Each structure stands twice: as C-alpha cells, then as structure tokens.
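In what follows, a single structure is set out as structure tokens and then discussed.
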Amino acid sequence: LELIRDRIVEVFQRAGLETVAAEGEFDPHHHMAVDRAAAETDEEDQQILEVYRKGYRFKERLLRPAMVKVAVKE
C-alpha cells in the first residue's frame with residue numbers, strides 16, 4: 001500500500017501538486033489559524049508553532065490551506 005501511495009504522490013507532484021510550506025511566519029493567504037498560544041518573545045509573534053493538517057497548491061492555485069497553531073503576542 002505504501003508503494004502505491006508513493007507512486008500516486010509522485011504522479012501528482014509531476015502534474016504540479018505541491019505542499020504549502022508551514023514553517024516560519026503565519027500567512028493568511030496560505031494558512032488557516034485554528035489554535036493559538038501566547039508568544040514568549042517578540043520575535044515569536046505570528047510564528048507557526050504546530051501543523052495540524054498539511055495544505056496543498058496545484059499550479060500556484062491554493063487547493064487547501066494548512067491548518068496551524070500560531071504564537072500570538074498578548
């Protein structure tokens with residue numbers, strides 16, 4: 001089953017499917033914030049802490065935003 005899944009993913013990637021990067025700073029155009037936590041430092045404000053669900057783009061068009069947990073300065 002893993003071999004079949006890997007081949008399907010490979011075919012989609014060749015066609016133009018890519019995952020949304022979910023590291024670094026929160027971008028409302030590519031991420032959906034579903035949870036938040038207090039930021040411990042100023043540099044950590046609006047940083048992605050955890051990814052709940054991957055997001056996908058197909059040929060530069062967003063299919064599904066990544067669901068993430070974001071650090072918020074309170």
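Each chain of the structure tokens is named A, B, ... in the order shown, its residues numbered from 1; ligands are numbered from 1 in display order.
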
Query - Nearby residues (only C-alpha atoms) at most 6 Å from segment 57-71 of chain A, same-chain spacing under 4 positions excluded, as an MDAnalysis selection string - result: chainID A and resid 16:18 30:33 35:39 45:53

Report task. As an MDAnalysis selection string, please: all residues of chain A that backbone DSSP puts in strand (DSSP E). Result -> chainID A and resid 17:19 31:38 48:53 56:58 61:64 66:72

Requested in this report: Run DSSP on the backbone of this structure and report the residues of chain A it assigns to helix (DSSP H, G or I), as a ChimeraX atom specification.
Outcome: /A:2-15

Residues just named, written with N, CA, C and O atoms as a PDB file, in the first residue's frame:
```pdb
ATOM      1  N   GLU A   2       1.986   1.211   0.729  1.00  0.00           N
ATOM      2  CA  GLU A   2       2.882   2.369   0.750  1.00  0.00           C
ATOM      3  C   GLU A   2       3.469   2.635  -0.626  1.00  0.00           C
ATOM      4  O   GLU A   2       3.622   3.787  -1.025  1.00  0.00           O
ATOM      5  N   LEU A   3       3.801   1.585  -1.355  1.00  0.00           N
ATOM      6  CA  LEU A   3       4.354   1.745  -2.699  1.00  0.00           C
ATOM      7  C   LEU A   3       3.328   2.411  -3.624  1.00  0.00           C
ATOM      8  O   LEU A   3       3.672   3.312  -4.403  1.00  0.00           O
ATOM      9  N   ILE A   4       2.077   1.996  -3.526  1.00  0.00           N
ATOM     10  CA  ILE A   4       1.018   2.591  -4.350  1.00  0.00           C
ATOM     11  C   ILE A   4       0.830   4.057  -3.984  1.00  0.00           C
ATOM     12  O   ILE A   4       0.724   4.919  -4.860  1.00  0.00           O
ATOM     13  N   ARG A   5       0.812   4.358  -2.672  1.00  0.00           N
ATOM     14  CA  ARG A   5       0.665   5.750  -2.226  1.00  0.00           C
ATOM     15  C   ARG A   5       1.822   6.608  -2.729  1.00  0.00           C
ATOM     16  O   ARG A   5       1.614   7.722  -3.225  1.00  0.00           O
ATOM     17  N   ASP A   6       3.036   6.086  -2.646  1.00  0.00           N
ATOM     18  CA  ASP A   6       4.202   6.840  -3.117  1.00  0.00           C
ATOM     19  C   ASP A   6       4.120   7.136  -4.606  1.00  0.00           C
ATOM     20  O   ASP A   6       4.467   8.227  -5.057  1.00  0.00           O
ATOM     21  N   ARG A   7       3.652   6.176  -5.369  1.00  0.00           N
ATOM     22  CA  ARG A   7       3.526   6.393  -6.820  1.00  0.00           C
ATOM     23  C   ARG A   7       2.439   7.419  -7.147  1.00  0.00           C
ATOM     24  O   ARG A   7       2.593   8.232  -8.047  1.00  0.00           O
ATOM     25  N   ILE A   8       1.334   7.377  -6.413  1.00  0.00           N
ATOM     26  CA  ILE A   8       0.266   8.349  -6.628  1.00  0.00           C
ATOM     27  C   ILE A   8       0.765   9.749  -6.300  1.00  0.00           C
ATOM     28  O   ILE A   8       0.528  10.697  -7.052  1.00  0.00           O
ATOM     29  N   VAL A   9       1.469   9.896  -5.185  1.00  0.00           N
ATOM     30  CA  VAL A   9       2.029  11.197  -4.802  1.00  0.00           C
ATOM     31  C   VAL A   9       3.003  11.683  -5.861  1.00  0.00           C
ATOM     32  O   VAL A   9       2.999  12.858  -6.234  1.00  0.00           O
ATOM     33  N   GLU A  10       3.833  10.787  -6.378  1.00  0.00           N
ATOM     34  CA  GLU A  10       4.800  11.144  -7.419  1.00  0.00           C
ATOM     35  C   GLU A  10       4.099  11.643  -8.684  1.00  0.00           C
ATOM     36  O   GLU A  10       4.511  12.641  -9.294  1.00  0.00           O
ATOM     37  N   VAL A  11       3.022  10.990  -9.078  1.00  0.00           N
ATOM     38  CA  VAL A  11       2.267  11.407 -10.273  1.00  0.00           C
ATOM     39  C   VAL A  11       1.664  12.787 -10.062  1.00  0.00           C
ATOM     40  O   VAL A  11       1.739  13.654 -10.947  1.00  0.00           O
ATOM     41  N   PHE A  12       1.083  13.034  -8.888  1.00  0.00           N
ATOM     42  CA  PHE A  12       0.504  14.343  -8.602  1.00  0.00           C
ATOM     43  C   PHE A  12       1.578  15.433  -8.564  1.00  0.00           C
ATOM     44  O   PHE A  12       1.359  16.541  -9.043  1.00  0.00           O
ATOM     45  N   GLN A  13       2.739  15.126  -8.024  1.00  0.00           N
ATOM     46  CA  GLN A  13       3.818  16.114  -7.970  1.00  0.00           C
ATOM     47  C   GLN A  13       4.315  16.463  -9.366  1.00  0.00           C
ATOM     48  O   GLN A  13       4.601  17.617  -9.656  1.00  0.00           O
ATOM     49  N   ARG A  14       4.415  15.477 -10.222  1.00  0.00           N
ATOM     50  CA  ARG A  14       4.822  15.764 -11.602  1.00  0.00           C
ATOM     51  C   ARG A  14       3.784  16.614 -12.328  1.00  0.00           C
ATOM     52  O   ARG A  14       4.117  17.402 -13.208  1.00  0.00           O
ATOM     53  N   ALA A  15       2.511  16.474 -11.950  1.00  0.00           N
ATOM     54  CA  ALA A  15       1.441  17.252 -12.578  1.00  0.00           C
ATOM     55  C   ALA A  15       1.375  18.683 -12.043  1.00  0.00           C
ATOM     56  O   ALA A  15       0.724  19.531 -12.644  1.00  0.00           O
TER      57      ALA A  15
END
```

**Report entry** Which of A:Thr41, A:Lys54, A:Leu1, A:Ala22 sits closest to Val72 of chain A [using only C-alpha atoms]
**Finding:** A:Thr41
